[in-house]
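Everything below concerns the one structure shown next.
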Amino acid sequence: MKMRLRPFLLIFGIVCVVFALTIVFVRFQRKTILLHESSQHQLPEGAKFRIGKGRVTDIAYSLDSTVLAVATPIGIWLYDASTAGVRTVLTADTYGISSISFSPDGKTLAGGGQAGIIYLWDIATGECHHSFVGHNGGIFKVLFSADGNTLAAVSIHDMSLWDVTTGTHEAKLPGFSNRGRSLWLNGDQVTFALSAGKDIRLSDKMLEGHTRSVKSVLFSPDGQTLASGSHDRTIRLWDVATGTEKKILKGHKKTINSMAFSRDGRMLVSTSYNTVRLWNVDAGTLKKNIKGPNVWQVALSADGKTLAGWGSDHILYLWDAVTGNPKKTITGHIGAISALSFSADGATLAIGASKEILLWDAIEGLHKNTLFGHKEMVVSIAFNPNGRTLASASQDRTLRVWGTETGRQKKIIKVGVRGRGASVRSVVFSLDGSTLANSSEEGAVQLWDAVTGKRKETLSGHTGLVEMLVFSPDGRTVAGGTGSNEIAVWIWDIDTGKHKKTLDSRTGGVSAVAFSLDGSVLASGDFKSVKLWDAATGDILHTLKGHISIVNSLSFSPDGKTLASGSWDRTIRLWDVSTGKLKKTLVGSPPFYNNSVDGLSFSPDGQTLASAGVDGTVLLWDIASITHNADDQK
């Protein structure tokens, strides 16, 4: 009996070992993929994880159609085109990569950006092996020649041709000052097109025919046809050799956002509001109409089988280019961030990105919900202290109140004075959650009943534009900073609606205000400095200097001992409130923010600081580890 069991036990043992190794491999593979996700990749010192992969600036397929490259300000994400899984992230000391191009052999990716530097990455290793410096101004287009030996780059001032092997200039063509641009390159022969209003300059020719301004121009792969998409809702195909119009493609109901040719040049993809259209170039007829999101940018795989589109909902869509059916989606990329706020329990972080509000799990860094409804950019968001509702202010001249659990819109408040609407600048809840305060571009500061949506009071006394509002912790006063006609912090009495006090800033327009949690200190940010005021007397306690540009975000830690300030200088500074001394400067390379720090918010326990930038990422910082090692007080 024992002899019979031995083979069975041996086989069972082998199966168990294989099963265990499979689990380990799958977990390791998943961990490897997660390491390439933005939450942990290339974090600055002290940051816990990153929310979002950055706003998309360009997308491109490799010529063998196996890799989809997605350029963002924090790196270039390489996705497996079949599985949509992350392969790796290409980074360098980049500054806003805006254009990418694969070499014909698929081994190298070139990227150019706002700093005027061109980077070349080895796709196999992920290493940046070359950088070309010499452009005066940001680069808007990079493109390899057909043989892969030459790289062309167009900047705001000029076009340069580079020898890929040596990194030296082959030629430089000055005079490029129009931001509409396209390029065809074969060896060192260059044909270029620039849009100039409703006309197009094609090297030495002017193409006329569009009735409204041209938004996008694109050469076919063989360089014989130029496609132009316009605000007049048409696409025109032009003969490059003669400059004559070949065909007009009609059908889009809105402006043409972007276009892409198939590798053989026989199919053209165009995007507009809520539609993606596939055209037969030879016949000038529509092949397929895909209804979906508002796609801003599109790329077609070289084999013509897959279409990638980046939409206004910040999702990358992959469609079957033959059937038009959706294949996969890639999430995590976020547009420019304009506002953020923690819920009272610290579990949820709300992020204003373009017209949407994204709710994220602040503990795990996972996306929870997206709130749709605003017609223009969301500029301010605030949680009700009970955490069950969220208020948002937008340039569409409305305040909206949302249920955070359901994601449903509960109330729309149209903002305006005497029937005139105005873009809303700021919104904030009182600490008891009963009142909403907002400021608008016409200078009005209004108080609303947070439940009924009825206006309670219009605050007066000031004449300048109020950039930001904040309630005192006792709910008795509201403070706002002005910076146009008056450079001051204004404080109003909530019960009477009357002006109580003016704190004269003098050094520059007030761009941010914040109360400490006990209400004893009021902070105001202006050009290059932060002022701490005694909230009772209006006396200046400290002037905090160190920023080299406008301070546009402030947040006190819950214990009132630390103030965080964010600036257009792309840094966050932590200050000791009692002494006014700098505790720590948060700035990073590998990539930190490529533009201003537009939002700051401490979690209720004070252990985490969230920061947001216009590069489309939110960083969560471990404040305990940062402040305990704050020995570089510069």
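Order determines the names: the first chain of the structure tokens is A, the second B, and so forth; residues in each chain are numbered 1 upward, and ligands are numbered 1 upward as they are shown.
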At a cut-off of 8 Å, using only C-alpha atoms, what residues contact His252 of chain A? Leave out same-chain residues fewer than 3 positions from it and give the result as a ChimeraX atom specification.
/A:233-234,255-256,272,275
List the spatial neighbours of segment 369-375 of chain A as a PyMOL selection string - criterion: any atom at most 7 Å away, only C-alpha atoms, same-chain residues fewer than 5 positions off excluded.
chain A and resi 355-359+394+396+407
A:Val154, A:Ile118, A:Val597, A:Ala124 ranked by distance to Gly167 of chain A, top pick (using only C-alpha atoms)
A:Ile118
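Across the structure, atom CA of Val587 of chain A and atom CA of Val466 of chain A are spaced 29.1 Å apart.
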Surrounding residues of Ala612 of chain A excluding itself and chain neighbours under 2 positions, 9 Å, only C-alpha atoms, as a PyMOL selection string:
chain A and resi 337-340+351+593+596-600+610+614-619
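Across the structure, atom CA of Val445 of chain A and atom CA of Lys410 of chain A are spaced 22.3 Å apart.
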Please provide the set of residues having any atom within 7 Å of segment 518-528 of chain A, restricted to only C-alpha atoms, with same-chain residues fewer than 5 positions apart removed, written as a count of residues only.
21
Restricting the calculation to only C-alpha atoms, which member of A:Glu467, A:Glu405, A:Asp222, A:Asp64 is positioned closest to Val427 of chain A?
A:Glu467
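Nearest residue to Asp239 of chain A, choosing from A:Met468, A:Leu226, A:Leu286, A:Met377 and counting only C-alpha atoms: A:Leu226.
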What parts of segment 124-240 of chain A does DSSP call strand (DSSP E)? I'd like the answer as a ChimeraX atom specification.
/A:128-133,139-144,150-155,158-163,169-174,182-186,189-196,199-202,205-207,214-219,225-230,234-239
I need the residues from that last selection saved to file as a PDB file, in the first residue's frame (with C-alpha atoms), if you can.
```pdb
ATOM      1  CA  CYS A 128      18.328  57.821 -21.491  1.00  0.00           C
ATOM      2  CA  HIS A 129      21.486  57.495 -23.589  1.00  0.00           C
ATOM      3  CA  HIS A 130      21.570  60.874 -25.372  1.00  0.00           C
ATOM      4  CA  SER A 131      20.307  64.421 -24.925  1.00  0.00           C
ATOM      5  CA  PHE A 132      20.556  67.146 -27.570  1.00  0.00           C
ATOM      6  CA  VAL A 133      20.781  70.749 -26.395  1.00  0.00           C
ATOM      7  CA  ILE A 139      10.006  71.905 -28.503  1.00  0.00           C
ATOM      8  CA  PHE A 140       6.614  71.093 -30.003  1.00  0.00           C
ATOM      9  CA  LYS A 141       7.402  68.339 -32.489  1.00  0.00           C
ATOM     10  CA  VAL A 142      10.072  65.635 -32.901  1.00  0.00           C
ATOM     11  CA  LEU A 143      10.250  63.173 -35.779  1.00  0.00           C
ATOM     12  CA  PHE A 144      12.708  60.540 -37.021  1.00  0.00           C
ATOM     13  CA  THR A 150      18.200  62.061 -38.677  1.00  0.00           C
ATOM     14  CA  LEU A 151      15.920  63.596 -36.085  1.00  0.00           C
ATOM     15  CA  ALA A 152      13.998  66.796 -36.752  1.00  0.00           C
ATOM     16  CA  ALA A 153      12.706  69.018 -33.973  1.00  0.00           C
ATOM     17  CA  VAL A 154      10.470  72.055 -34.244  1.00  0.00           C
ATOM     18  CA  SER A 155      10.506  74.690 -31.506  1.00  0.00           C
ATOM     19  CA  ASP A 158      13.320  77.319 -35.220  1.00  0.00           C
ATOM     20  CA  MET A 159      13.630  73.843 -36.682  1.00  0.00           C
ATOM     21  CA  SER A 160      16.757  71.746 -36.239  1.00  0.00           C
ATOM     22  CA  LEU A 161      17.980  68.579 -37.913  1.00  0.00           C
ATOM     23  CA  TRP A 162      20.186  66.368 -35.771  1.00  0.00           C
ATOM     24  CA  ASP A 163      22.510  63.499 -36.603  1.00  0.00           C
ATOM     25  CA  HIS A 169      23.407  69.742 -35.915  1.00  0.00           C
ATOM     26  CA  GLU A 170      22.932  68.953 -39.598  1.00  0.00           C
ATOM     27  CA  ALA A 171      20.899  72.073 -40.305  1.00  0.00           C
ATOM     28  CA  LYS A 172      18.970  74.817 -38.574  1.00  0.00           C
ATOM     29  CA  LEU A 173      16.012  76.596 -40.135  1.00  0.00           C
ATOM     30  CA  PRO A 174      14.997  79.799 -38.309  1.00  0.00           C
ATOM     31  CA  SER A 182       3.443  69.848 -38.830  1.00  0.00           C
ATOM     32  CA  LEU A 183       6.446  68.165 -40.380  1.00  0.00           C
ATOM     33  CA  TRP A 184       7.431  65.555 -42.930  1.00  0.00           C
ATOM     34  CA  LEU A 185      10.979  64.267 -43.004  1.00  0.00           C
ATOM     35  CA  ASN A 186      12.726  61.866 -45.372  1.00  0.00           C
ATOM     36  CA  GLN A 189      14.725  66.662 -46.884  1.00  0.00           C
ATOM     37  CA  VAL A 190      12.199  68.740 -44.927  1.00  0.00           C
ATOM     38  CA  THR A 191       8.719  69.817 -45.895  1.00  0.00           C
ATOM     39  CA  PHE A 192       6.818  71.738 -43.260  1.00  0.00           C
ATOM     40  CA  ALA A 193       3.334  73.139 -42.781  1.00  0.00           C
ATOM     41  CA  LEU A 194       2.174  75.893 -40.452  1.00  0.00           C
ATOM     42  CA  SER A 195      -1.390  76.968 -39.781  1.00  0.00           C
ATOM     43  CA  ALA A 196      -1.936  80.721 -39.791  1.00  0.00           C
ATOM     44  CA  ASP A 199      -4.796  79.545 -44.099  1.00  0.00           C
ATOM     45  CA  ILE A 200      -1.915  77.067 -44.203  1.00  0.00           C
ATOM     46  CA  ARG A 201       1.662  77.768 -45.170  1.00  0.00           C
ATOM     47  CA  LEU A 202       3.109  74.724 -46.925  1.00  0.00           C
ATOM     48  CA  LYS A 205       2.923  77.771 -50.814  1.00  0.00           C
ATOM     49  CA  MET A 206      -0.223  79.168 -49.173  1.00  0.00           C
ATOM     50  CA  LEU A 207      -3.219  76.815 -48.991  1.00  0.00           C
ATOM     51  CA  VAL A 214      -7.139  75.554 -38.737  1.00  0.00           C
ATOM     52  CA  LYS A 215      -6.490  73.575 -35.556  1.00  0.00           C
ATOM     53  CA  SER A 216      -4.429  70.625 -36.804  1.00  0.00           C
ATOM     54  CA  VAL A 217      -2.338  69.700 -39.852  1.00  0.00           C
ATOM     55  CA  LEU A 218      -0.844  66.301 -40.655  1.00  0.00           C
ATOM     56  CA  PHE A 219       1.244  64.779 -43.442  1.00  0.00           C
ATOM     57  CA  THR A 225      -0.827  64.440 -48.932  1.00  0.00           C
ATOM     58  CA  LEU A 226      -1.492  67.018 -46.240  1.00  0.00           C
ATOM     59  CA  ALA A 227      -4.623  66.768 -44.082  1.00  0.00           C
ATOM     60  CA  SER A 228      -5.939  69.844 -42.288  1.00  0.00           C
ATOM     61  CA  GLY A 229      -8.655  69.911 -39.622  1.00  0.00           C
ATOM     62  CA  SER A 230     -10.467  73.132 -38.820  1.00  0.00           C
ATOM     63  CA  THR A 234     -14.198  69.953 -42.177  1.00  0.00           C
ATOM     64  CA  ILE A 235     -11.030  68.077 -43.063  1.00  0.00           C
ATOM     65  CA  ARG A 236      -9.308  69.026 -46.291  1.00  0.00           C
ATOM     66  CA  LEU A 237      -6.803  66.859 -48.153  1.00  0.00           C
ATOM     67  CA  TRP A 238      -4.138  68.738 -50.136  1.00  0.00           C
ATOM     68  CA  ASP A 239      -1.638  67.669 -52.789  1.00  0.00           C
TER      69      ASP A 239
END
```
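For Ser460 of chain A, the non-local neighbours within 7 Å, defined as residues at least 2 positions apart in the same chain or in other chains and counting only C-alpha atoms, are A:Thr458, A:His462, A:Lys498, A:His499.
Using only C-alpha atoms, the protein and nucleic acid residues lying no more than 7 Å from segment 310-320 of chain A, apart from those fewer than 6 places from it along its own chain, are Pro293, Asn294, Val295, Trp296, Gln297, Val298, Pro326, Lys327, Lys328, Thr329, Ile330, Thr331, His333, Ile334 and Gly335 of chain A.
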Just want the 9 Å neighbourhood of Leu399 of chain A, counted on only C-alpha atoms, with same-chain residues fewer than 2 positions away dropped. Output as a PDB file with C-alpha atoms, in the first residue's frame.
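What follows is the written file part-v9.pdb:
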```
ATOM      1  CA  ALA A 391     -19.127  71.549  -2.757  1.00  0.00           C
ATOM      2  CA  SER A 392     -17.417  72.613  -5.983  1.00  0.00           C
ATOM      3  CA  ALA A 393     -16.997  75.955  -7.733  1.00  0.00           C
ATOM      4  CA  SER A 394     -16.430  76.296 -11.445  1.00  0.00           C
ATOM      5  CA  ASP A 396     -19.248  77.717 -15.536  1.00  0.00           C
ATOM      6  CA  ARG A 397     -20.684  80.182 -12.950  1.00  0.00           C
ATOM      7  CA  VAL A 401     -23.183  70.184  -4.014  1.00  0.00           C
ATOM      8  CA  LYS A 411     -27.814  70.995  -5.663  1.00  0.00           C
ATOM      9  CA  ILE A 412     -26.849  73.528  -8.355  1.00  0.00           C
ATOM     10  CA  ILE A 413     -26.446  77.151  -7.291  1.00  0.00           C
ATOM     11  CA  LYS A 414     -26.170  79.666 -10.118  1.00  0.00           C
ATOM     12  CA  VAL A 415     -23.916  82.467  -8.979  1.00  0.00           C
ATOM     13  CA  VAL A 424     -16.657  81.424  -9.443  1.00  0.00           C
ATOM     14  CA  VAL A 427     -15.961  77.981  -2.366  1.00  0.00           C
ATOM     15  CA  ASN A 438     -18.064  81.862  -2.512  1.00  0.00           C
TER      16      ASN A 438
END
```
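Taking atom CA of Ser98 of chain A and atom CA of Ile381 of chain A as endpoints, the distance between them is 29.0 Å.
Restricting the calculation to only C-alpha atoms, the smallest distance between Thr91 of chain A and any of A:Ile123, A:Val67, A:Val164, A:Val276 is found for A:Ile123.
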